[in-house]
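Visitor: One file: query29.cif (mmCIF, C-alpha atoms and all ligand atoms).
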data_final
loop_
_atom_site.group_PDB
_atom_site.id
_atom_site.type_symbol
_atom_site.label_atom_id
_atom_site.label_comp_id
_atom_site.auth_asym_id
_atom_site.auth_seq_id
_atom_site.Cartn_x
_atom_site.Cartn_y
_atom_site.Cartn_z
ATOM 1 C CA MET A 1 -4.567 -3.178 -21.801
ATOM 2 C CA ILE A 2 -4.087 -4.891 -18.462
ATOM 3 C CA LEU A 3 -6.112 -5.100 -15.290
ATOM 4 C CA VAL A 4 -3.903 -4.850 -12.230
ATOM 5 C CA ILE A 5 -5.322 -6.155 -8.951
ATOM 6 C CA ASP A 6 -3.943 -5.507 -5.464
ATOM 7 C CA VAL A 7 -5.579 -7.850 -2.965
ATOM 8 C CA GLY A 8 -5.038 -5.981 0.317
ATOM 9 C CA ASN A 9 -5.677 -6.951 3.923
ATOM 10 C CA THR A 10 -9.116 -5.321 4.070
ATOM 11 C CA GLN A 11 -10.099 -4.492 0.514
ATOM 12 C CA ILE A 12 -9.138 -4.997 -3.108
ATOM 13 C CA LYS A 13 -7.860 -2.286 -5.402
ATOM 14 C CA ALA A 14 -8.015 -2.732 -9.180
ATOM 15 C CA ALA A 15 -6.749 -0.502 -11.989
ATOM 16 C CA VAL A 16 -6.908 -0.604 -15.769
ATOM 17 C CA PHE A 17 -3.611 0.339 -17.420
ATOM 18 C CA GLU A 18 -2.786 1.147 -21.027
ATOM 19 C CA GLN A 19 1.015 1.000 -20.976
ATOM 20 C CA ASN A 20 1.898 3.263 -18.037
ATOM 21 C CA THR A 21 -1.337 5.227 -18.024
ATOM 22 C CA LEU A 22 -3.926 4.454 -15.366
ATOM 23 C CA LEU A 23 -7.345 4.688 -17.038
ATOM 24 C CA LYS A 24 -9.611 3.615 -14.192
ATOM 25 C CA LYS A 25 -9.290 2.676 -10.534
ATOM 26 C CA GLU A 26 -11.818 0.776 -8.429
ATOM 27 C CA ILE A 27 -11.861 -0.028 -4.724
ATOM 28 C CA ILE A 28 -13.593 -3.367 -4.292
ATOM 29 C CA ALA A 29 -14.982 -5.012 -1.140
ATOM 30 C CA TYR A 30 -14.269 -8.687 -0.502
ATOM 31 C CA GLU A 31 -18.006 -9.512 -0.302
ATOM 32 C CA ASP A 32 -18.797 -9.019 -3.978
ATOM 33 C CA TRP A 33 -15.334 -8.994 -5.506
ATOM 34 C CA GLN A 34 -16.193 -11.324 -8.409
ATOM 35 C CA ILE A 35 -19.175 -9.283 -9.570
ATOM 36 C CA SER A 36 -17.246 -6.008 -9.273
ATOM 37 C CA LEU A 37 -14.243 -7.325 -11.175
ATOM 38 C CA LYS A 38 -16.372 -8.802 -13.934
ATOM 39 C CA LYS A 39 -18.022 -5.380 -14.358
ATOM 40 C CA VAL A 40 -14.633 -3.721 -14.873
ATOM 41 C CA ILE A 41 -13.599 -6.430 -17.349
ATOM 42 C CA LYS A 42 -16.854 -5.999 -19.252
ATOM 43 C CA ASN A 43 -16.433 -2.201 -19.461
ATOM 44 C CA PHE A 44 -12.906 -2.465 -20.883
ATOM 45 C CA SER A 45 -13.097 -5.046 -23.648
ATOM 46 C CA GLU A 46 -9.442 -4.499 -24.562
ATOM 47 C CA ILE A 47 -8.185 -5.962 -21.276
ATOM 48 C CA SER A 48 -6.107 -8.994 -22.201
ATOM 49 C CA ILE A 49 -4.487 -10.032 -18.929
ATOM 50 C CA LEU A 50 -5.047 -9.883 -15.170
ATOM 51 C CA VAL A 51 -1.974 -9.101 -13.079
ATOM 52 C CA VAL A 52 -2.538 -9.933 -9.417
ATOM 53 C CA ALA A 53 -0.631 -9.667 -6.161
ATOM 54 C CA SER A 54 -2.177 -10.688 -2.863
ATOM 55 C CA VAL A 55 -1.386 -10.219 0.812
ATOM 56 C CA GLY A 56 -5.040 -10.903 1.503
ATOM 57 C CA LYS A 57 -7.550 -13.685 1.405
ATOM 58 C CA LEU A 58 -7.530 -14.508 -2.315
ATOM 59 C CA GLU A 59 -5.174 -16.856 -4.146
ATOM 60 C CA LYS A 60 -4.423 -17.582 -7.758
ATOM 61 C CA SER A 61 -7.041 -20.348 -7.880
ATOM 62 C CA ASP A 62 -9.730 -17.800 -6.908
ATOM 63 C CA PHE A 63 -8.924 -15.779 -10.009
ATOM 64 C CA LEU A 64 -8.897 -18.833 -12.257
ATOM 65 C CA THR A 65 -12.424 -19.717 -11.131
ATOM 66 C CA LEU A 66 -13.479 -16.186 -12.084
ATOM 67 C CA ASP A 67 -13.769 -17.642 -15.588
ATOM 68 C CA SER A 68 -12.986 -14.320 -17.239
ATOM 69 C CA GLY A 69 -11.365 -16.012 -20.234
ATOM 70 C CA LEU A 70 -8.290 -13.881 -19.514
ATOM 71 C CA ASN A 71 -4.776 -14.976 -18.625
ATOM 72 C CA VAL A 72 -3.953 -14.534 -14.947
ATOM 73 C CA TYR A 73 -0.420 -13.513 -14.026
ATOM 74 C CA PHE A 74 0.355 -13.725 -10.308
ATOM 75 C CA ILE A 75 3.274 -11.723 -8.942
ATOM 76 C CA THR A 76 4.850 -13.779 -6.156
ATOM 77 C CA LYS A 77 8.139 -13.911 -4.260
ATOM 78 C CA GLU A 78 9.459 -16.086 -7.095
ATOM 79 C CA SER A 79 8.957 -13.251 -9.614
ATOM 80 C CA LYS A 80 11.903 -11.126 -10.717
ATOM 81 C CA PHE A 81 12.588 -7.952 -8.699
ATOM 82 C CA PRO A 82 14.988 -5.102 -9.538
ATOM 83 C CA PHE A 83 16.691 -5.018 -6.128
ATOM 84 C CA ASN A 84 19.000 -7.122 -3.945
ATOM 85 C CA ASN A 85 16.976 -8.421 -1.058
ATOM 86 C CA LEU A 86 18.997 -8.024 2.155
ATOM 87 C CA TYR A 87 16.034 -8.753 4.464
ATOM 88 C CA ALA A 88 17.142 -11.369 7.007
ATOM 89 C CA SER A 89 13.865 -13.285 6.582
ATOM 90 C CA PRO A 90 13.082 -12.891 2.860
ATOM 91 C CA SER A 91 10.636 -15.805 2.910
ATOM 92 C CA THR A 92 8.346 -13.887 5.280
ATOM 93 C CA LEU A 93 8.595 -10.479 3.583
ATOM 94 C CA GLY A 94 5.192 -9.231 2.370
ATOM 95 C CA ILE A 95 4.693 -9.288 -1.396
ATOM 96 C CA ASP A 96 3.147 -5.790 -1.195
ATOM 97 C CA ARG A 97 6.363 -4.449 0.317
ATOM 98 C CA MET A 98 8.406 -6.150 -2.397
ATOM 99 C CA ILE A 99 6.233 -4.592 -5.088
ATOM 100 C CA LEU A 100 6.486 -1.137 -3.498
ATOM 101 C CA ALA A 101 10.267 -1.506 -3.373
ATOM 102 C CA SER A 102 10.277 -2.638 -6.976
ATOM 103 C CA GLY A 103 8.243 0.403 -8.078
ATOM 104 C CA ALA A 104 10.499 2.747 -6.121
ATOM 105 C CA VAL A 105 13.616 1.345 -7.822
ATOM 106 C CA LEU A 106 12.096 1.397 -11.315
ATOM 107 C CA GLN A 107 10.598 4.905 -10.968
ATOM 108 C CA PHE A 108 13.439 6.563 -9.048
ATOM 109 C CA PRO A 109 16.797 5.187 -10.198
ATOM 110 C CA LYS A 110 19.971 5.802 -8.188
ATOM 111 C CA LYS A 111 18.223 7.375 -5.210
ATOM 112 C CA ASN A 112 17.853 6.401 -1.599
ATOM 113 C CA ARG A 113 14.155 5.590 -1.289
ATOM 114 C CA LEU A 114 11.745 5.388 1.614
ATOM 115 C CA VAL A 115 8.285 4.044 0.778
ATOM 116 C CA ILE A 116 5.548 4.563 3.378
ATOM 117 C CA ASP A 117 2.316 2.644 2.822
ATOM 118 C CA ALA A 118 -0.463 3.846 5.133
ATOM 119 C CA GLY A 119 -3.083 1.128 4.820
ATOM 120 C CA THR A 120 -4.321 -1.485 7.264
ATOM 121 C CA CYS A 121 -0.756 -1.519 8.517
ATOM 122 C CA ILE A 122 1.736 1.266 8.003
ATOM 123 C CA THR A 123 4.837 -0.157 6.381
ATOM 124 C CA TYR A 124 8.162 1.590 5.923
ATOM 125 C CA ASP A 125 10.573 0.238 3.315
ATOM 126 C CA PHE A 126 14.115 1.431 2.633
ATOM 127 C CA ILE A 127 15.957 0.780 -0.609
ATOM 128 C CA ASP A 128 19.353 2.433 -0.939
ATOM 129 C CA SER A 129 20.808 4.066 -4.044
ATOM 130 C CA ASN A 130 22.649 0.824 -4.889
ATOM 131 C CA ASP A 131 19.288 -0.959 -5.049
ATOM 132 C CA ASN A 132 19.723 -2.872 -1.822
ATOM 133 C CA TYR A 133 16.421 -3.552 -0.066
ATOM 134 C CA LEU A 134 17.200 -3.138 3.639
ATOM 135 C CA GLY A 135 13.822 -3.624 5.344
ATOM 136 C CA GLY A 136 11.969 -1.075 7.458
ATOM 137 C CA ALA A 137 9.097 -1.149 9.893
ATOM 138 C CA ILE A 138 5.518 -2.338 10.367
ATOM 139 C CA SER A 139 3.056 -0.543 12.632
ATOM 140 C CA PRO A 140 -0.755 -0.440 13.000
ATOM 141 C CA GLY A 141 -2.635 1.731 10.503
ATOM 142 C CA ILE A 142 -5.129 4.460 11.365
ATOM 143 C CA ARG A 143 -8.264 2.323 11.352
ATOM 144 C CA LEU A 144 -6.512 -0.429 13.334
ATOM 145 C CA ARG A 145 -5.552 2.115 16.009
ATOM 146 C CA TYR A 146 -9.111 3.420 16.380
ATOM 147 C CA GLU A 147 -10.426 -0.147 16.510
ATOM 148 C CA SER A 148 -7.927 -1.407 19.057
ATOM 149 C CA LEU A 149 -8.602 1.505 21.417
ATOM 150 C CA HIS A 150 -12.282 0.534 21.311
ATOM 151 C CA ASN A 151 -11.856 -3.249 21.345
ATOM 152 C CA TYR A 152 -9.326 -3.473 24.174
ATOM 153 C CA THR A 153 -10.783 -0.965 26.634
ATOM 154 C CA ALA A 154 -14.067 -0.877 28.503
ATOM 155 C CA LYS A 155 -15.050 2.742 27.820
ATOM 156 C CA LEU A 156 -13.520 4.087 24.651
ATOM 157 C CA PRO A 157 -15.927 4.600 21.743
ATOM 158 C CA LEU A 158 -15.196 3.503 18.187
ATOM 159 C CA LEU A 159 -14.562 6.640 16.149
ATOM 160 C CA LYS A 160 -14.074 7.297 12.453
ATOM 161 C CA LYS A 161 -10.881 9.059 11.458
ATOM 162 C CA GLU A 162 -11.134 12.814 11.790
ATOM 163 C CA LYS A 163 -8.661 15.684 11.855
ATOM 164 C CA PRO A 164 -7.900 16.524 15.500
ATOM 165 C CA ILE A 165 -8.543 20.135 16.428
ATOM 166 C CA ASP A 166 -5.388 20.405 18.524
ATOM 167 C CA ILE A 167 -2.492 18.459 20.007
ATOM 168 C CA VAL A 168 -4.165 18.862 23.401
ATOM 169 C CA GLY A 169 -7.463 16.988 23.104
ATOM 170 C CA ASN A 170 -10.044 18.640 25.441
ATOM 171 C CA SER A 171 -12.532 15.711 25.433
ATOM 172 C CA THR A 172 -12.509 11.922 25.087
ATOM 173 C CA THR A 173 -13.273 12.201 21.398
ATOM 174 C CA GLN A 174 -10.598 14.830 20.771
ATOM 175 C CA SER A 175 -8.065 12.916 22.870
ATOM 176 C CA ILE A 176 -8.588 9.805 20.738
ATOM 177 C CA HIS A 177 -8.345 11.738 17.458
ATOM 178 C CA SER A 178 -5.208 13.467 18.685
ATOM 179 C CA GLY A 179 -3.670 10.212 19.892
ATOM 180 C CA VAL A 180 -4.339 8.365 16.666
ATOM 181 C CA ILE A 181 -3.873 11.018 13.996
ATOM 182 C CA ASN A 182 -1.184 13.155 15.637
ATOM 183 C CA GLY A 183 0.455 9.921 16.796
ATOM 184 C CA VAL A 184 0.633 8.540 13.249
ATOM 185 C CA SER A 185 1.822 11.906 11.895
ATOM 186 C CA PHE A 186 4.602 12.168 14.498
ATOM 187 C CA GLU A 187 5.593 8.579 13.823
ATOM 188 C CA ILE A 188 5.873 9.168 10.090
ATOM 189 C CA GLU A 189 7.762 12.441 10.577
ATOM 190 C CA GLY A 190 10.094 10.714 13.024
ATOM 191 C CA PHE A 191 10.946 8.011 10.480
ATOM 192 C CA ILE A 192 11.420 10.543 7.712
ATOM 193 C CA ASN A 193 13.656 12.791 9.809
ATOM 194 C CA SER A 194 15.803 9.913 10.995
ATOM 195 C CA VAL A 195 16.497 8.686 7.460
ATOM 196 C CA LEU A 196 17.052 12.225 6.152
ATOM 197 C CA ASP A 197 19.623 12.739 8.926
ATOM 198 C CA LYS A 198 21.692 9.798 7.712
ATOM 199 C CA ASN A 199 21.326 10.006 3.932
ATOM 200 C CA ASP A 200 21.056 12.633 1.259
ATOM 201 C CA ASN A 201 19.633 12.173 -2.235
ATOM 202 C CA PHE A 202 16.410 10.846 -0.753
ATOM 203 C CA ILE A 203 13.019 10.308 -2.304
ATOM 204 C CA ILE A 204 10.067 9.652 0.004
ATOM 205 C CA ILE A 205 6.885 8.131 -1.357
ATOM 206 C CA LEU A 206 3.664 8.021 0.664
ATOM 207 C CA THR A 207 0.916 5.674 -0.499
ATOM 208 C CA GLY A 208 -2.048 3.601 0.756
ATOM 209 C CA GLY A 209 -5.666 4.317 1.675
ATOM 210 C CA ASP A 210 -4.677 7.031 4.170
ATOM 211 C CA ALA A 211 -1.967 8.727 2.051
ATOM 212 C CA VAL A 212 -3.953 11.776 0.965
ATOM 213 C CA PHE A 213 -5.451 12.340 4.418
ATOM 214 C CA LEU A 214 -1.981 12.199 5.980
ATOM 215 C CA ALA A 215 -0.058 14.141 3.351
ATOM 216 C CA GLU A 216 -1.744 17.433 4.163
ATOM 217 C CA ARG A 217 -0.828 17.017 7.832
ATOM 218 C CA LEU A 218 2.849 16.216 7.373
ATOM 219 C CA LYS A 219 5.433 18.954 7.539
ATOM 220 C CA ASN A 220 7.958 17.205 5.333
ATOM 221 C CA THR A 221 7.600 17.609 1.605
ATOM 222 C CA ILE A 222 6.861 14.163 0.323
ATOM 223 C CA PHE A 223 5.459 12.644 -2.767
ATOM 224 C CA ALA A 224 1.913 11.356 -2.006
ATOM 225 C CA ASN A 225 0.574 8.912 -4.535
ATOM 226 C CA PRO A 226 -2.349 6.684 -3.488
ATOM 227 C CA ASN A 227 -1.874 4.635 -6.671
ATOM 228 C CA PHE A 228 1.778 3.838 -6.131
ATOM 229 C CA LEU A 229 1.241 0.136 -5.341
ATOM 230 C CA LEU A 230 -0.968 -0.358 -8.416
ATOM 231 C CA GLU A 231 1.546 1.484 -10.611
ATOM 232 C CA SER A 232 4.368 -0.564 -9.116
ATOM 233 C CA LEU A 233 2.480 -3.798 -9.814
ATOM 234 C CA ASN A 234 2.079 -2.763 -13.435
ATOM 235 C CA GLN A 235 5.788 -1.933 -13.674
ATOM 236 C CA THR A 236 6.856 -5.143 -11.935
ATOM 237 C CA PHE A 237 4.791 -7.133 -14.427
ATOM 238 C CA GLN A 238 6.454 -5.317 -17.340
ATOM 239 C CA TYR A 239 9.877 -5.847 -15.759
ATOM 240 C CA ASN A 240 9.169 -9.606 -15.612
ATOM 241 C CA ASN A 241 8.009 -9.768 -19.205
ATOM 242 C CA ASN A 242 10.563 -7.627 -20.976
ATOM 243 C CA ASP A 243 12.931 -10.391 -21.970
HETATM 244 N N1 LIG B 1 -13.486 2.416 1.854
HETATM 245 C C1 LIG B 1 -12.576 2.244 2.810
HETATM 246 N N2 LIG B 1 -12.646 1.152 3.604
HETATM 247 C C2 LIG B 1 -11.723 0.950 4.554
HETATM 248 N N3 LIG B 1 -10.696 1.778 4.776
HETATM 249 C C3 LIG B 1 -10.593 2.882 4.036
HETATM 250 C C4 LIG B 1 -11.506 3.156 3.003
HETATM 251 N N4 LIG B 1 -11.116 4.309 2.414
HETATM 252 C C5 LIG B 1 -10.006 4.713 3.049
HETATM 253 N N5 LIG B 1 -9.705 3.896 4.044
HETATM 254 C C6 LIG B 1 -8.570 4.099 4.962
HETATM 255 O O1 LIG B 1 -7.502 3.415 4.370
HETATM 256 C C7 LIG B 1 -6.885 2.541 5.285
HETATM 257 C C8 LIG B 1 -6.813 1.216 4.588
HETATM 258 O O2 LIG B 1 -5.982 1.439 3.472
HETATM 259 P P1 LIG B 1 -5.882 0.459 2.258
HETATM 260 O O3 LIG B 1 -7.092 0.518 1.428
HETATM 261 O O4 LIG B 1 -4.596 0.798 1.610
HETATM 262 O O5 LIG B 1 -5.842 -0.905 3.104
HETATM 263 P P2 LIG B 1 -5.894 -2.388 2.626
HETATM 264 O O6 LIG B 1 -6.982 -2.696 1.673
HETATM 265 O O7 LIG B 1 -5.858 -3.236 3.832
HETATM 266 O O8 LIG B 1 -4.597 -2.482 1.856
HETATM 267 P P3 LIG B 1 -3.240 -2.927 2.410
HETATM 268 O O9 LIG B 1 -3.391 -4.336 2.791
HETATM 269 O O10 LIG B 1 -2.418 -2.737 1.193
HETATM 270 O O11 LIG B 1 -2.880 -2.037 3.525
HETATM 271 C C9 LIG B 1 -7.683 2.551 6.586
HETATM 272 O O12 LIG B 1 -6.835 2.910 7.661
HETATM 273 C C10 LIG B 1 -8.768 3.604 6.375
HETATM 274 O O13 LIG B 1 -8.594 4.707 7.250
HETATM 275 C C1 LIG B 2 2.820 -5.974 6.842
HETATM 276 C C2 LIG B 2 1.745 -6.370 5.852
HETATM 277 C C3 LIG B 2 0.553 -6.988 6.593
HETATM 278 C C4 LIG B 2 1.284 -5.070 5.176
HETATM 279 O O1 LIG B 2 0.302 -5.298 4.232
HETATM 280 C C5 LIG B 2 2.293 -7.342 4.765
HETATM 281 O O2 LIG B 2 3.339 -6.753 4.087
HETATM 282 C C6 LIG B 2 2.776 -8.638 5.370
HETATM 283 O O3 LIG B 2 1.990 -9.510 5.661
HETATM 284 N N1 LIG B 2 4.112 -8.756 5.584
HETATM 285 C C7 LIG B 2 4.755 -9.923 6.135
HETATM 286 C C8 LIG B 2 5.795 -9.544 7.143
HETATM 287 C C9 LIG B 2 6.965 -8.759 6.605
HETATM 288 O O4 LIG B 2 6.835 -8.035 5.609
HETATM 289 O O5 LIG B 2 8.065 -8.896 7.152
HETATM 290 K K K B 3 -0.064 -1.405 3.929
#
Could you write out this file's structure as structure tokens?
Ligand SMILES: Nc1ncnc2c1ncn2[C@@H]1O[C@H](COP(=O)(O)OP(=O)(O)OP(=O)(O)O)[C@@H](O)[C@H]1O
Ligand SMILES: CC(C)(CO)[C@@H](O)C(=O)NCCC(=O)O
Ligand SMILES: [K+]

Guide:
Amino acid sequence: MILVIDVGNTQIKAAVFEQNTLLKKEIIAYEDWQISLKKVIKNFSEISILVVASVGKLEKSDFLTLDSGLNVYFITKESKFPFNNLYASPSTLGIDRMILASGAVLQFPKKNRLVIDAGTCITYDFIDSNDNYLGGAISPGIRLRYESLHNYTAKLPLLKKEKPIDIVGNSTTQSIHSGVINGVSFEIEGFINSVLDKNDNFIIILTGGDAVFLAERLKNTIFANPNFLLESLNQTFQYNNND
């Protein structure tokens, strides 16, 4: 049994896996991450290893001081990945994007893949059917958009994400919801349509904290899986340890 930990930009996601089966998932705040993780470890006595990847504020040394008695395996850019990395600046590519690409290749062989991760940022990652990682796009996520409208204007309120009633917002509140949520939906549909135009045999995976909220609003049929990064981390670990 392994405990897989995704240290994100704003929060930490952890999942207990038995082989490829996810037994338990926890969303953990940075404030009390040690206590929360220790609780999970205590509840699953068969956990033998921690597998961690971090784009956030925690490093390997933080997990060693956790004193869990467990081995800690950090997935980094030096780990083995099942794709050719054609990114022009591979040393600055986010480890989360590499893990998503890795999961897409391992789960969907011989397909053109587009992975969309709607979290703090929205990332788009393209891996072609020959397993070439080509890159993609980075844009602000839903919460970031609401926060920047509030933080960088004098009058706009800070709102929580909510389904807009219409494209045409008839109040300040509705205009903001339409701008953020319809804006993100149009953006995602635009990316999907432009890749579908150029390639066939495509699989599109939507993940991240906003995946489920967005999936029901998108017209394109896509595969929404909020656990895709955690599953991909588990698979990337196995891929690194299978020889
Ligand atoms: N409990 C929560 N706290 C903050 N954001 C949440 C929460 N639940 C859902 N969300 C939504 O999910 C998004 C953040 O997604 P996610 O949890 O994937 O971000 P993250 O922890 O920064 O991870 P990553 O760095 O991988 O994007 C926000 O835009 C927000 O709308
Ligand atoms: C884009 C984020 C912040 C998304 O979590 C992360 O993947 C990252 O820090 N990336 C580095 C830049 C890049 O991927 O090119
Ligand atoms: K993200």

Visitor: Here's the selection I'm unsure about, the PyMOL selection byres (((not hetatm)) within 6 of (chain B and resi 3)); applied to the file above, which residues does it give, as a ChimeraX atom specification?

Guide: /A:117-123

Visitor: Using all atoms listed in the file, what are the residues with an atom within 6 Å of ligand LIG 2 (chain B), set out as an mmCIF file with C-alpha atoms, in the frame of the given file?

Guide:
data_model
loop_
_atom_site.group_PDB
_atom_site.id
_atom_site.type_symbol
_atom_site.label_atom_id
_atom_site.label_comp_id
_atom_site.auth_asym_id
_atom_site.auth_seq_id
_atom_site.Cartn_x
_atom_site.Cartn_y
_atom_site.Cartn_z
ATOM 1 C CA VAL A 55 -1.386 -10.219 0.812
ATOM 2 C CA THR A 92 8.346 -13.887 5.280
ATOM 3 C CA LEU A 93 8.595 -10.479 3.583
ATOM 4 C CA GLY A 94 5.192 -9.231 2.370
ATOM 5 C CA ASP A 96 3.147 -5.790 -1.195
ATOM 6 C CA ARG A 97 6.363 -4.449 0.317
ATOM 7 C CA CYS A 121 -0.756 -1.519 8.517
ATOM 8 C CA ILE A 138 5.518 -2.338 10.367
#

Visitor: For ligand LIG 1 (chain B), collect every residue having any atom at a distance of at most 7 Å from a ligand atom (counting only C-alpha atoms and all ligand atoms); output as a ChimeraX atom specification.

Guide: /A:8-12,55-56,96,118-121,141-144,161,208-210

Visitor: Evaluating the PyMOL selection byres (((chain A and resi 112) around 8) and not hetatm) on the displayed file yields which residues, as a list in words?

Guide: Lys110, Lys111, Arg113, Leu114, Phe126, Ile127, Asp128, Ser129, Asn199, Asp200, Asn201, Phe202 and Ile203 of chain A

Visitor: Just to confirm, what's the straight-line distance from CA of Asn71 in chain A to CA of Glu231 in chain A in Å (one decimal)?

Guide: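 Calculated distance between CA of Asn71 in chain A and CA of Glu231 in chain A is 19.4 Å.
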
Visitor: Rounded to one decimal place, report the CA of Ser178 in chain A-CA of Leu206 in chain A distance in Å.

Guide: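 Taking CA of Ser178 in chain A as the start and CA of Leu206 in chain A as the end point, the length is 20.8 Å.
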
Visitor: Give me the residues near Gln34 in chain A as a ChimeraX atom specification, where near means some atom within 10 Å (using all atoms listed in the file) and where sequence neighbours in that chain fewer than 5 positions away do not count.

Guide: /A:28-29,39,62-63,65-68

Visitor: Return the single residue from A:Phe186, A:Phe74, A:Ile49, A:Phe213 that is closest to Ser61 in chain A, with distances computed using all atoms listed in the file.

Guide: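 For Ser61 in chain A, the nearest of the candidates is A:Phe74.
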
Visitor: Just say which residues the PyMOL selection byres (((chain A and resi 156) around 12) and not hetatm) picks in this file, as a list in words.

Guide: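 Taken over the shown coordinates, the PyMOL selection byres (((chain A and resi 156) around 12) and not hetatm) returns Arg145, Tyr146, Glu147, Ser148, Leu149, His150, Asn151, Tyr152, Thr153, Ala154, Lys155, Pro157, Leu158, Leu159, Ser171, Thr172, Thr173, Gln174, Ser175, Ile176 and His177 of chain A.
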
Visitor: I'd like the interatomic distance between CA of Ile5 in chain A and CA of Tyr239 in chain A, to a tenth of an Å.

Guide: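 According to the coordinates, CA of Ile5 in chain A and CA of Tyr239 in chain A are separated by 16.7 Å.
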
Visitor: Using all atoms listed in the file for the distances, tell me which of A:Lys60, A:Lys198, A:Lys163, A:Lys42 is nearest to Arg217 in chain A.

Guide: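 Among the listed residues, A:Lys163 lies closest to Arg217 in chain A.
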
Visitor: Tell me which protein, DNA and RNA residues are within 12 Å of Leu50 in chain A, counting all atoms listed in the file, leaving out same-chain ones fewer than 3 positions away, and put them as a PyMOL selection string.

Guide: chain A and resi 1-6+14-17+37-38+40-41+46-47+53+60+63-64+66-75+233-234+237

Visitor: Which of these residues is nearest to Gly136 in chain A, using all atoms listed in the file: A:Pro109, A:Lys57, A:Ser36, A:Met98?

Guide: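 With all atoms listed in the file as the atom set, the closest residue is A:Met98.
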
Visitor: Considering all atoms listed in the file, state which residue in the set A:Val168, A:Leu230, A:Ala137, A:Ala224 is at the smallest distance from Ala211 in chain A.

Guide: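 Of A:Val168, A:Leu230, A:Ala137, A:Ala224, the one nearest Ala211 in chain A, counting all atoms listed in the file, is A:Ala224.
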
Visitor: Given the point (-7.1, 3.5, -9.5) in the coordinates of this file, which residues lie within 7 Å, counting only C-alpha atoms, and how would they look as number ranges by chain?

Guide: A: 14-15, 22, 24-26, 227

Visitor: Return the padded bounding box of range 60-65 of chain A as lines of an AutoDock Vina configuration file: axis-aligned, built from all atoms listed in the file, 8 Å added on each side, with centre and edge lengths in Å to one decimal.

Guide:
center_x = -8.4
center_y = -18.1
center_z = -9.6
size_x = 24.0
size_y = 20.6
size_z = 21.3

Visitor: Nearest to Thr76 in chain A: which of A:Ile95, A:Ile116, A:Ile181, A:Leu218 is it, counting all atoms listed in the file?

Guide: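 For Thr76 in chain A, the nearest of the given residues is A:Ile95.
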
Visitor: Find the residues around Tyr87 in chain A up to 10 Å (all atoms listed in the file counted), leave out those fewer than 2 positions away in its own chain, and share them as a short mmCIF file (atom, residue, chain, number, x, y, z; two decimals) with C-alpha atoms, in the coordinates of the input.

Guide:
data_model
loop_
_atom_site.label_atom_id
_atom_site.label_comp_id
_atom_site.auth_asym_id
_atom_site.auth_seq_id
_atom_site.Cartn_x
_atom_site.Cartn_y
_atom_site.Cartn_z
CA ASN A 84 19.00 -7.12 -3.94
CA ASN A 85 16.98 -8.42 -1.06
CA SER A 89 13.86 -13.28 6.58
CA PRO A 90 13.08 -12.89 2.86
CA SER A 91 10.64 -15.80 2.91
CA THR A 92 8.35 -13.89 5.28
CA LEU A 93 8.60 -10.48 3.58
CA ASN A 132 19.72 -2.87 -1.82
CA TYR A 133 16.42 -3.55 -0.07
CA LEU A 134 17.20 -3.14 3.64
CA GLY A 135 13.82 -3.62 5.34
CA GLY A 136 11.97 -1.08 7.46
#
